[in-house]
>>> print(open('start-v6.cif').read())   # mmCIF, C-alpha atoms
data_protein
loop_
_atom_site.label_atom_id
_atom_site.label_comp_id
_atom_site.auth_asym_id
_atom_site.auth_seq_id
_atom_site.Cartn_x
_atom_site.Cartn_y
_atom_site.Cartn_z
CA MET A 11 92.98 131.24 59.81
CA ASP A 12 92.81 133.40 62.91
CA ALA A 13 90.55 132.57 65.86
CA PHE A 14 87.84 129.96 66.25
CA TRP A 15 84.86 129.17 68.43
CA CYS A 16 85.23 126.11 70.63
CA VAL A 17 82.39 123.82 71.74
CA VAL A 18 82.74 122.14 75.13
CA PRO A 19 80.20 119.36 75.82
CA ALA A 20 79.54 119.40 79.56
CA ALA A 21 76.12 117.81 79.95
CA GLY A 22 77.31 114.42 81.15
CA VAL A 23 77.36 112.95 84.65
CA GLY A 24 80.67 111.07 84.65
CA SER A 25 79.49 108.46 87.16
CA ARG A 26 82.79 106.53 87.15
CA ALA A 27 84.41 109.44 88.98
CA GLY A 28 81.99 109.14 91.89
CA GLY A 29 81.27 112.21 94.01
CA ASP A 30 78.14 114.19 94.78
CA ARG A 31 78.07 116.09 91.49
CA PRO A 32 79.01 115.64 87.83
CA LYS A 33 82.75 115.14 87.44
CA GLN A 34 83.23 118.38 85.48
CA TYR A 35 82.20 120.29 88.61
CA GLN A 36 84.30 118.32 91.05
CA PRO A 37 87.30 120.11 92.59
CA LEU A 38 90.68 119.98 90.91
CA ALA A 39 93.60 122.05 92.22
CA GLY A 40 91.20 124.24 94.19
CA ARG A 41 88.76 124.91 91.32
CA SER A 42 86.21 122.92 89.40
CA MET A 43 87.62 120.90 86.51
CA LEU A 44 85.32 122.69 84.05
CA ASP A 45 86.55 126.05 85.29
CA ILE A 46 90.16 125.07 84.62
CA THR A 47 89.34 123.69 81.16
CA LEU A 48 87.46 126.83 80.13
CA ASP A 49 90.25 129.02 81.47
CA ARG A 50 92.94 127.15 79.51
CA LEU A 51 90.89 127.44 76.33
CA ALA A 52 89.82 131.06 76.70
CA VAL A 53 93.33 132.36 77.36
CA HIS A 54 94.53 130.99 74.01
CA PRO A 55 94.69 133.58 71.20
CA ARG A 56 93.24 131.07 68.72
CA ILE A 57 89.96 130.85 70.68
CA ALA A 58 87.37 133.51 69.80
CA GLY A 59 84.66 132.28 72.14
CA ILE A 60 83.33 129.15 73.84
CA MET A 61 79.94 127.46 73.56
CA VAL A 62 79.24 125.16 76.53
CA SER A 63 76.61 122.43 76.21
CA LEU A 64 74.98 121.92 79.62
CA GLY A 65 72.46 119.54 81.11
CA PRO A 66 68.92 120.89 81.48
CA ASP A 67 68.53 123.07 84.60
CA ASP A 68 72.18 122.53 85.54
CA PRO A 69 72.42 123.79 89.16
CA TYR A 70 76.23 123.91 89.19
CA TRP A 71 76.91 126.16 86.20
CA PRO A 72 78.43 129.40 87.58
CA GLY A 73 76.85 131.61 84.92
CA TYR A 74 79.97 132.81 83.14
CA ARG A 75 79.41 135.41 80.43
CA SER A 76 83.08 135.81 79.52
CA ILE A 77 86.53 134.54 80.50
CA HIS A 78 89.71 136.42 79.58
CA GLY A 79 87.52 138.76 77.54
CA LYS A 80 86.18 135.88 75.40
CA PRO A 81 82.38 135.37 75.24
CA ILE A 82 80.99 132.28 76.94
CA LEU A 83 77.60 131.09 75.66
CA THR A 84 75.54 128.07 76.72
CA VAL A 85 73.06 125.71 75.13
CA VAL A 86 71.17 122.70 76.46
CA GLY A 87 72.94 119.49 75.45
CA GLY A 88 71.63 115.97 74.97
CA SER A 89 71.72 112.57 76.59
CA GLU A 90 74.83 111.52 74.66
CA ARG A 91 78.07 113.41 74.06
CA SER A 92 77.50 113.57 70.30
CA HIS A 93 74.08 115.17 70.81
CA SER A 94 75.65 117.80 73.06
CA VAL A 95 78.33 118.50 70.47
CA LEU A 96 75.73 118.88 67.74
CA ALA A 97 73.66 121.25 69.87
CA GLY A 98 76.78 123.30 70.58
CA ILE A 99 78.01 123.63 67.02
CA GLU A 100 74.51 124.44 65.76
CA ALA A 101 74.21 127.24 68.34
CA ALA A 102 77.71 128.66 67.81
CA PRO A 103 77.67 132.11 66.14
CA VAL A 104 79.63 131.01 63.06
CA GLU A 105 78.90 130.12 59.44
CA ASP A 106 78.80 126.60 58.02
CA GLN A 107 82.11 127.08 56.21
CA ASP A 108 83.86 128.22 59.40
CA PHE A 109 85.96 125.82 61.45
CA VAL A 110 85.00 125.04 65.04
CA LEU A 111 86.97 123.22 67.72
CA VAL A 112 85.44 120.65 70.06
CA HIS A 113 87.15 119.94 73.37
CA ASP A 114 86.24 117.63 76.26
CA ALA A 115 85.40 119.31 79.55
CA ALA A 116 87.33 116.46 81.21
CA ARG A 117 90.64 117.31 79.49
CA PRO A 118 91.91 120.20 81.64
CA CYS A 119 95.59 119.58 80.82
CA VAL A 120 95.49 120.56 77.15
CA ARG A 121 98.61 122.47 76.15
CA ALA A 122 98.51 125.81 74.36
CA ALA A 123 101.19 124.63 71.94
CA ASP A 124 99.04 121.65 70.94
CA ILE A 125 96.04 123.86 70.16
CA GLU A 126 98.30 125.99 67.98
CA ARG A 127 99.77 122.95 66.21
CA LEU A 128 96.33 121.47 65.59
CA VAL A 129 95.05 124.64 63.97
CA ILE A 130 98.16 125.20 61.84
CA GLU A 131 98.31 121.62 60.54
CA ALA A 132 94.68 120.44 60.43
CA VAL A 133 92.75 123.47 59.18
CA PRO A 134 94.53 123.66 55.79
CA PHE A 135 93.97 119.88 55.50
CA GLY A 136 90.22 120.29 56.04
CA GLY A 137 90.06 119.15 59.65
CA GLY A 138 91.71 116.88 62.15
CA LEU A 139 92.39 115.97 65.74
CA LEU A 140 95.11 115.65 68.33
CA GLY A 141 96.52 112.24 69.20
CA ALA A 142 99.64 110.21 69.89
CA PRO A 143 100.98 106.94 68.45
CA LEU A 144 100.56 103.85 70.62
CA ARG A 145 103.82 102.91 72.29
CA ASP A 146 102.75 100.01 74.54
CA THR A 147 102.48 96.36 73.53
CA LEU A 148 98.84 95.41 72.88
CA LYS A 149 97.28 92.09 73.84
CA LEU A 150 94.02 90.54 72.62
CA VAL A 151 92.20 88.74 75.45
CA ASP A 152 89.12 86.57 75.87
CA SER A 153 86.20 87.15 78.24
CA GLU A 154 88.29 85.77 81.13
CA ARG A 155 91.21 88.09 80.35
CA ARG A 156 93.37 85.24 79.02
CA VAL A 157 95.79 86.39 76.35
CA LEU A 158 94.90 85.21 72.85
CA GLY A 159 97.67 87.00 71.04
CA THR A 160 99.67 90.16 70.50
CA GLU A 161 98.14 92.90 68.39
CA PRO A 162 100.20 95.07 66.03
CA ARG A 163 100.54 98.66 67.24
CA GLU A 164 101.90 100.16 64.04
CA ARG A 165 99.59 102.83 62.57
CA ARG A 166 97.46 102.86 65.73
CA TRP A 167 96.99 106.08 67.69
CA ARG A 168 95.32 107.22 70.89
CA VAL A 169 93.11 110.20 70.15
CA PHE A 170 92.53 113.38 72.17
CA THR A 171 90.73 116.68 71.84
CA PRO A 172 90.51 119.38 70.63
CA GLN A 173 89.27 118.24 67.25
CA VAL A 174 88.62 120.80 64.51
CA PHE A 175 86.26 120.63 61.52
CA ARG A 176 84.05 122.88 59.42
CA ARG A 177 80.83 123.55 61.28
CA GLY A 178 78.53 122.57 58.42
CA GLU A 179 80.36 119.35 57.57
CA LEU A 180 80.58 118.21 61.17
CA ALA A 181 76.94 119.03 61.90
CA GLU A 182 75.77 117.05 58.87
CA ALA A 183 78.04 114.11 59.75
CA LEU A 184 76.61 113.98 63.28
CA ARG A 185 73.03 114.23 61.99
CA GLN A 186 73.64 111.34 59.60
CA ALA A 187 75.09 109.18 62.38
CA HIS A 188 72.14 109.94 64.65
CA ALA A 189 69.65 109.22 61.85
CA VAL A 190 70.92 105.66 61.43
CA GLY A 191 71.42 105.07 65.15
CA LYS A 192 75.19 104.84 64.87
CA PRO A 193 76.93 105.70 68.16
CA VAL A 194 79.98 107.90 67.67
CA SER A 195 82.63 108.33 70.34
CA ASP A 196 84.22 111.46 68.89
CA GLU A 197 83.84 113.98 66.08
CA ALA A 198 86.44 112.30 63.90
CA MET A 199 84.42 109.08 63.90
CA ALA A 200 81.35 110.93 62.62
CA MET A 201 83.48 112.51 59.89
CA GLU A 202 84.95 109.10 58.98
CA LEU A 203 81.44 107.64 58.59
CA ALA A 204 80.59 110.55 56.30
CA GLY A 205 83.54 109.74 54.04
CA PHE A 206 86.20 112.12 55.35
CA SER A 207 89.77 111.22 56.38
CA PRO A 208 90.71 113.57 59.26
CA LEU A 209 94.36 114.42 59.87
CA LEU A 210 95.96 113.20 63.09
CA VAL A 211 98.24 115.81 64.66
CA GLU A 212 100.63 114.56 67.33
CA GLY A 213 100.13 116.20 70.70
CA ALA A 214 101.37 115.80 74.26
CA GLU A 215 100.41 112.52 75.92
CA ASP A 216 99.65 114.28 79.20
CA ASN A 217 96.44 115.65 77.64
CA ILE A 218 94.59 113.04 79.69
CA LYS A 219 90.85 112.56 80.00
CA VAL A 220 89.84 112.58 83.66
CA THR A 221 87.53 109.58 84.06
CA THR A 222 88.06 107.97 87.47
CA LEU A 223 88.77 109.32 90.94
CA ALA A 224 92.47 108.43 90.58
CA ASP A 225 92.70 110.59 87.45
CA PHE A 226 92.04 113.74 89.49
CA ALA A 227 95.29 113.34 91.41
CA LEU A 228 97.23 112.78 88.18
CA ALA A 229 95.62 115.78 86.51
CA GLU A 230 96.44 117.98 89.49
CA TYR A 231 100.07 116.89 89.31
CA LEU A 232 100.22 117.53 85.55
CA LEU A 233 98.64 120.96 85.86
CA GLY A 234 101.43 121.93 88.22
CA LYS A 235 103.95 121.11 85.49
CA LEU A 236 102.24 122.90 82.58
CA ASP A 237 102.98 126.40 81.35
#
>>> encode(input="start-v6.cif", output="structure tokens")
Amino acid sequence: MDAFWCVVPAAGVGSRAGGDRPKQYQPLAGRSMLDITLDRLAVHPRIAGIMVSLGPDDPYWPGYRSIHGKPILTVVGGSERSHSVLAGIEAAPVEDQDFVLVHDAARPCVRAADIERLVIEAVPFGGGLLGAPLRDTLKLVDSERRVLGTEPRERRWRVFTPQVFRRGELAEALRQAHAVGKPVSDEAMAMELAGFSPLLVEGAEDNIKVTTLADFALAEYLLGKLD
């Protein structure tokens, strides 16, 4: 358990963020969001290299070959996130029994300590993901947003990335989901459908996913507070 390749799906458009380019290339704290995410991953001693899944003929990709001495490779992704992840893990220069991390391009605030904790706790378990227990009260509503009741929050978690699994097991789980037309929102869901029970590892709640224009300002603020 030393260093691992990390797959970063970055083929999406992110239309909810607006702008004249995909959200991963929009400016954040003076750089593109993807640039910051790759930098935060590559500087970590647990990361051996990064495979980035890009859209076909991506005009914004800066052509990185390495960051912080770590190799950066690219592969053409797919129309959905899970297809981009599958393309990335299949192209990564690792064996099926090796573990790979998957991290969202739109999570630039990931903490180094959380990557370390994920690897230490989840790899011996067979794989897992970062997350945090729900702390807010949850309401069930109808189509008109009228409250129908209060939902229990016990044993419910928000989930983040990175997520870490064996390359062969994750690839097969994603292929099975695609074969039956089952949409999967993250790697853990694919593993669940394949019969696995991934380990949830608690991480910092400021590991936000930048989705809307307002999220950019929050992410910039959080980046100023991180190590």
>>> closest_residue(input="start-v6.cif", among="A:Leu210, A:Ile82, A:Leu203, A:Leu64", to="Glu131 in chain A", atoms="all atoms listed in the file")
A:Leu210
>>> resolve_selection(input="start-v6.cif", expression="the PyMOL selection byres ((chain A and resi 215) around 12)", output="number ranges by chain")
A: 117, 119-121, 124, 140-145, 167-171, 211-214, 216-219, 232
>>> write_last_selection(input="start-v6.cif", atoms="C-alpha atoms", output="PDB file, in the coordinates of the input")
ATOM      1  CA  ARG A 117      90.640 117.310  79.490  1.00  0.00           C
ATOM      2  CA  CYS A 119      95.590 119.580  80.820  1.00  0.00           C
ATOM      3  CA  VAL A 120      95.490 120.560  77.150  1.00  0.00           C
ATOM      4  CA  ARG A 121      98.610 122.470  76.150  1.00  0.00           C
ATOM      5  CA  ASP A 124      99.040 121.650  70.940  1.00  0.00           C
ATOM      6  CA  LEU A 140      95.110 115.650  68.330  1.00  0.00           C
ATOM      7  CA  GLY A 141      96.520 112.240  69.200  1.00  0.00           C
ATOM      8  CA  ALA A 142      99.640 110.210  69.890  1.00  0.00           C
ATOM      9  CA  PRO A 143     100.980 106.940  68.450  1.00  0.00           C
ATOM     10  CA  LEU A 144     100.560 103.850  70.620  1.00  0.00           C
ATOM     11  CA  ARG A 145     103.820 102.910  72.290  1.00  0.00           C
ATOM     12  CA  TRP A 167      96.990 106.080  67.690  1.00  0.00           C
ATOM     13  CA  ARG A 168      95.320 107.220  70.890  1.00  0.00           C
ATOM     14  CA  VAL A 169      93.110 110.200  70.150  1.00  0.00           C
ATOM     15  CA  PHE A 170      92.530 113.380  72.170  1.00  0.00           C
ATOM     16  CA  THR A 171      90.730 116.680  71.840  1.00  0.00           C
ATOM     17  CA  VAL A 211      98.240 115.810  64.660  1.00  0.00           C
ATOM     18  CA  GLU A 212     100.630 114.560  67.330  1.00  0.00           C
ATOM     19  CA  GLY A 213     100.130 116.200  70.700  1.00  0.00           C
ATOM     20  CA  ALA A 214     101.370 115.800  74.260  1.00  0.00           C
ATOM     21  CA  ASP A 216      99.650 114.280  79.200  1.00  0.00           C
ATOM     22  CA  ASN A 217      96.440 115.650  77.640  1.00  0.00           C
ATOM     23  CA  ILE A 218      94.590 113.040  79.690  1.00  0.00           C
ATOM     24  CA  LYS A 219      90.850 112.560  80.000  1.00  0.00           C
ATOM     25  CA  LEU A 232     100.220 117.530  85.550  1.00  0.00           C
TER      26      LEU A 232
END
>>> resolve_selection(input="start-v6.cif", expression="the PyMOL selection byres ((chain A and resi 96-101) around 12)", output="count of residues only")
58
>>> closest_residue(input="start-v6.cif", among="A:Arg56, A:Asp67, A:Ala39, A:Gly159", to="Val129 in chain A", atoms="all atoms listed in the file")
A:Arg56
>>> atom_distance(input="start-v6.cif", atom1="CA of Ala224 in chain A", atom2="CA of Leu150 in chain A")
25.4 Å
>>> atom_distance(input="start-v6.cif", atom1="CA of Val53 in chain A", atom2="CA of Arg75 in chain A")
14.6 Å
>>> atom_distance(input="start-v6.cif", atom1="CA of Arg156 in chain A", atom2="CA of Val220 in chain A")
28.0 Å
>>> axis_aligned_box(input="start-v6.cif", around="range 182-198 of chain A", padding_each_side="4 Å", output="lines of an AutoDock Vina configuration file")
center_x = 78.0
center_y = 110.9
center_z = 64.6
size_x = 24.8
size_y = 20.2
size_z = 19.5
>>> resolve_selection(input="start-v6.cif", expression="the PyMOL selection byres ((chain A and resi 44) around 8)", output="list of chain:residue names")
A:Gln34, A:Tyr35, A:Ser42, A:Met43, A:Asp45, A:Ile46, A:Thr47, A:Leu48, A:Ala115, A:Ala116, A:Pro118
>>> write_last_selection(input="start-v6.cif", atoms="C-alpha atoms", output="PDB file, in the coordinates of the input")
ATOM      1  CA  GLN A  34      83.230 118.380  85.480  1.00  0.00           C
ATOM      2  CA  TYR A  35      82.200 120.290  88.610  1.00  0.00           C
ATOM      3  CA  SER A  42      86.210 122.920  89.400  1.00  0.00           C
ATOM      4  CA  MET A  43      87.620 120.900  86.510  1.00  0.00           C
ATOM      5  CA  ASP A  45      86.550 126.050  85.290  1.00  0.00           C
ATOM      6  CA  ILE A  46      90.160 125.070  84.620  1.00  0.00           C
ATOM      7  CA  THR A  47      89.340 123.690  81.160  1.00  0.00           C
ATOM      8  CA  LEU A  48      87.460 126.830  80.130  1.00  0.00           C
ATOM      9  CA  ALA A 115      85.400 119.310  79.550  1.00  0.00           C
ATOM     10  CA  ALA A 116      87.330 116.460  81.210  1.00  0.00           C
ATOM     11  CA  PRO A 118      91.910 120.200  81.640  1.00  0.00           C
TER      12      PRO A 118
END
>>> build_atoms(input="start-v6.cif", residues="range 98-130 of chain A", atoms="N, CA and C atoms", output="PDB file, keeping the file's coordinate frame")
ATOM      1  N   GLY A  98      75.824 122.208  70.424  1.00  0.00           N
ATOM      2  CA  GLY A  98      76.780 123.300  70.580  1.00  0.00           C
ATOM      3  C   GLY A  98      77.218 123.900  69.277  1.00  0.00           C
ATOM      4  N   ILE A  99      77.535 123.064  68.290  1.00  0.00           N
ATOM      5  CA  ILE A  99      78.010 123.630  67.020  1.00  0.00           C
ATOM      6  C   ILE A  99      76.873 124.295  66.257  1.00  0.00           C
ATOM      7  N   GLU A 100      75.652 123.786  66.421  1.00  0.00           N
ATOM      8  CA  GLU A 100      74.510 124.440  65.760  1.00  0.00           C
ATOM      9  C   GLU A 100      74.237 125.804  66.374  1.00  0.00           C
ATOM     10  N   ALA A 101      74.484 125.966  67.667  1.00  0.00           N
ATOM     11  CA  ALA A 101      74.210 127.240  68.340  1.00  0.00           C
ATOM     12  C   ALA A 101      75.367 128.228  68.263  1.00  0.00           C
ATOM     13  N   ALA A 102      76.547 127.768  67.872  1.00  0.00           N
ATOM     14  CA  ALA A 102      77.710 128.660  67.810  1.00  0.00           C
ATOM     15  C   ALA A 102      77.496 129.753  66.763  1.00  0.00           C
ATOM     16  N   PRO A 103      77.893 130.984  67.056  1.00  0.00           N
ATOM     17  CA  PRO A 103      77.670 132.110  66.140  1.00  0.00           C
ATOM     18  C   PRO A 103      78.701 132.145  65.007  1.00  0.00           C
ATOM     19  N   VAL A 104      78.700 131.107  64.188  1.00  0.00           N
ATOM     20  CA  VAL A 104      79.630 131.010  63.060  1.00  0.00           C
ATOM     21  C   VAL A 104      78.863 130.504  61.844  1.00  0.00           C
ATOM     22  N   GLU A 105      79.505 130.595  60.677  1.00  0.00           N
ATOM     23  CA  GLU A 105      78.900 130.120  59.440  1.00  0.00           C
ATOM     24  C   GLU A 105      79.287 128.659  59.192  1.00  0.00           C
ATOM     25  N   ASP A 106      78.543 128.015  58.295  1.00  0.00           N
ATOM     26  CA  ASP A 106      78.800 126.600  58.020  1.00  0.00           C
ATOM     27  C   ASP A 106      80.208 126.346  57.508  1.00  0.00           C
ATOM     28  N   GLN A 107      80.775 127.291  56.763  1.00  0.00           N
ATOM     29  CA  GLN A 107      82.110 127.080  56.210  1.00  0.00           C
ATOM     30  C   GLN A 107      83.220 127.356  57.221  1.00  0.00           C
ATOM     31  N   ASP A 108      82.860 127.919  58.376  1.00  0.00           N
ATOM     32  CA  ASP A 108      83.860 128.220  59.400  1.00  0.00           C
ATOM     33  C   ASP A 108      84.250 126.956  60.160  1.00  0.00           C
ATOM     34  N   PHE A 109      85.489 126.936  60.627  1.00  0.00           N
ATOM     35  CA  PHE A 109      85.960 125.820  61.450  1.00  0.00           C
ATOM     36  C   PHE A 109      85.597 126.066  62.912  1.00  0.00           C
ATOM     37  N   VAL A 110      85.241 124.985  63.600  1.00  0.00           N
ATOM     38  CA  VAL A 110      85.000 125.040  65.040  1.00  0.00           C
ATOM     39  C   VAL A 110      85.835 123.948  65.702  1.00  0.00           C
ATOM     40  N   LEU A 111      86.281 124.221  66.921  1.00  0.00           N
ATOM     41  CA  LEU A 111      86.970 123.220  67.720  1.00  0.00           C
ATOM     42  C   LEU A 111      85.984 122.592  68.687  1.00  0.00           C
ATOM     43  N   VAL A 112      86.212 121.332  69.019  1.00  0.00           N
ATOM     44  CA  VAL A 112      85.440 120.650  70.060  1.00  0.00           C
ATOM     45  C   VAL A 112      86.445 120.095  71.062  1.00  0.00           C
ATOM     46  N   HIS A 113      86.216 120.394  72.346  1.00  0.00           N
ATOM     47  CA  HIS A 113      87.150 119.940  73.370  1.00  0.00           C
ATOM     48  C   HIS A 113      86.389 119.385  74.567  1.00  0.00           C
ATOM     49  N   ASP A 114      86.870 118.263  75.107  1.00  0.00           N
ATOM     50  CA  ASP A 114      86.240 117.630  76.260  1.00  0.00           C
ATOM     51  C   ASP A 114      86.400 118.479  77.518  1.00  0.00           C
ATOM     52  N   ALA A 115      85.319 118.621  78.267  1.00  0.00           N
ATOM     53  CA  ALA A 115      85.400 119.310  79.550  1.00  0.00           C
ATOM     54  C   ALA A 115      86.346 118.594  80.503  1.00  0.00           C
ATOM     55  N   ALA A 116      86.500 117.275  80.313  1.00  0.00           N
ATOM     56  CA  ALA A 116      87.330 116.460  81.210  1.00  0.00           C
ATOM     57  C   ALA A 116      88.772 116.353  80.750  1.00  0.00           C
ATOM     58  N   ARG A 117      89.210 117.260  79.877  1.00  0.00           N
ATOM     59  CA  ARG A 117      90.640 117.310  79.490  1.00  0.00           C
ATOM     60  C   ARG A 117      91.211 118.678  79.879  1.00  0.00           C
ATOM     61  N   PRO A 118      91.438 118.893  81.173  1.00  0.00           N
ATOM     62  CA  PRO A 118      91.910 120.200  81.640  1.00  0.00           C
ATOM     63  C   PRO A 118      93.387 120.451  81.386  1.00  0.00           C
ATOM     64  N   CYS A 119      94.137 119.435  80.952  1.00  0.00           N
ATOM     65  CA  CYS A 119      95.590 119.580  80.820  1.00  0.00           C
ATOM     66  C   CYS A 119      96.038 119.873  79.398  1.00  0.00           C
ATOM     67  N   VAL A 120      95.120 120.271  78.536  1.00  0.00           N
ATOM     68  CA  VAL A 120      95.490 120.560  77.150  1.00  0.00           C
ATOM     69  C   VAL A 120      96.531 121.677  77.111  1.00  0.00           C
ATOM     70  N   ARG A 121      97.522 121.500  76.264  1.00  0.00           N
ATOM     71  CA  ARG A 121      98.610 122.470  76.150  1.00  0.00           C
ATOM     72  C   ARG A 121      98.323 123.492  75.058  1.00  0.00           C
ATOM     73  N   ALA A 122      98.709 124.738  75.334  1.00  0.00           N
ATOM     74  CA  ALA A 122      98.510 125.810  74.360  1.00  0.00           C
ATOM     75  C   ALA A 122      99.230 125.506  73.049  1.00  0.00           C
ATOM     76  N   ALA A 123     100.428 124.939  73.145  1.00  0.00           N
ATOM     77  CA  ALA A 123     101.190 124.630  71.940  1.00  0.00           C
ATOM     78  C   ALA A 123     100.481 123.596  71.079  1.00  0.00           C
ATOM     79  N   ASP A 124      99.745 122.671  71.701  1.00  0.00           N
ATOM     80  CA  ASP A 124      99.040 121.650  70.940  1.00  0.00           C
ATOM     81  C   ASP A 124      97.836 122.238  70.206  1.00  0.00           C
ATOM     82  N   ILE A 125      97.137 123.177  70.842  1.00  0.00           N
ATOM     83  CA  ILE A 125      96.040 123.860  70.160  1.00  0.00           C
ATOM     84  C   ILE A 125      96.569 124.591  68.929  1.00  0.00           C
ATOM     85  N   GLU A 126      97.694 125.266  69.096  1.00  0.00           N
ATOM     86  CA  GLU A 126      98.300 125.990  67.980  1.00  0.00           C
ATOM     87  C   GLU A 126      98.701 125.025  66.860  1.00  0.00           C
ATOM     88  N   ARG A 127      99.326 123.922  67.215  1.00  0.00           N
ATOM     89  CA  ARG A 127      99.770 122.950  66.210  1.00  0.00           C
ATOM     90  C   ARG A 127      98.578 122.343  65.471  1.00  0.00           C
ATOM     91  N   LEU A 128      97.520 122.038  66.210  1.00  0.00           N
ATOM     92  CA  LEU A 128      96.330 121.470  65.590  1.00  0.00           C
ATOM     93  C   LEU A 128      95.761 122.410  64.542  1.00  0.00           C
ATOM     94  N   VAL A 129      95.628 123.668  64.895  1.00  0.00           N
ATOM     95  CA  VAL A 129      95.050 124.640  63.970  1.00  0.00           C
ATOM     96  C   VAL A 129      95.942 124.807  62.735  1.00  0.00           C
ATOM     97  N   ILE A 130      97.237 124.967  62.954  1.00  0.00           N
ATOM     98  CA  ILE A 130      98.160 125.200  61.840  1.00  0.00           C
ATOM     99  C   ILE A 130      98.183 124.021  60.872  1.00  0.00           C
TER     100      ILE A 130
END
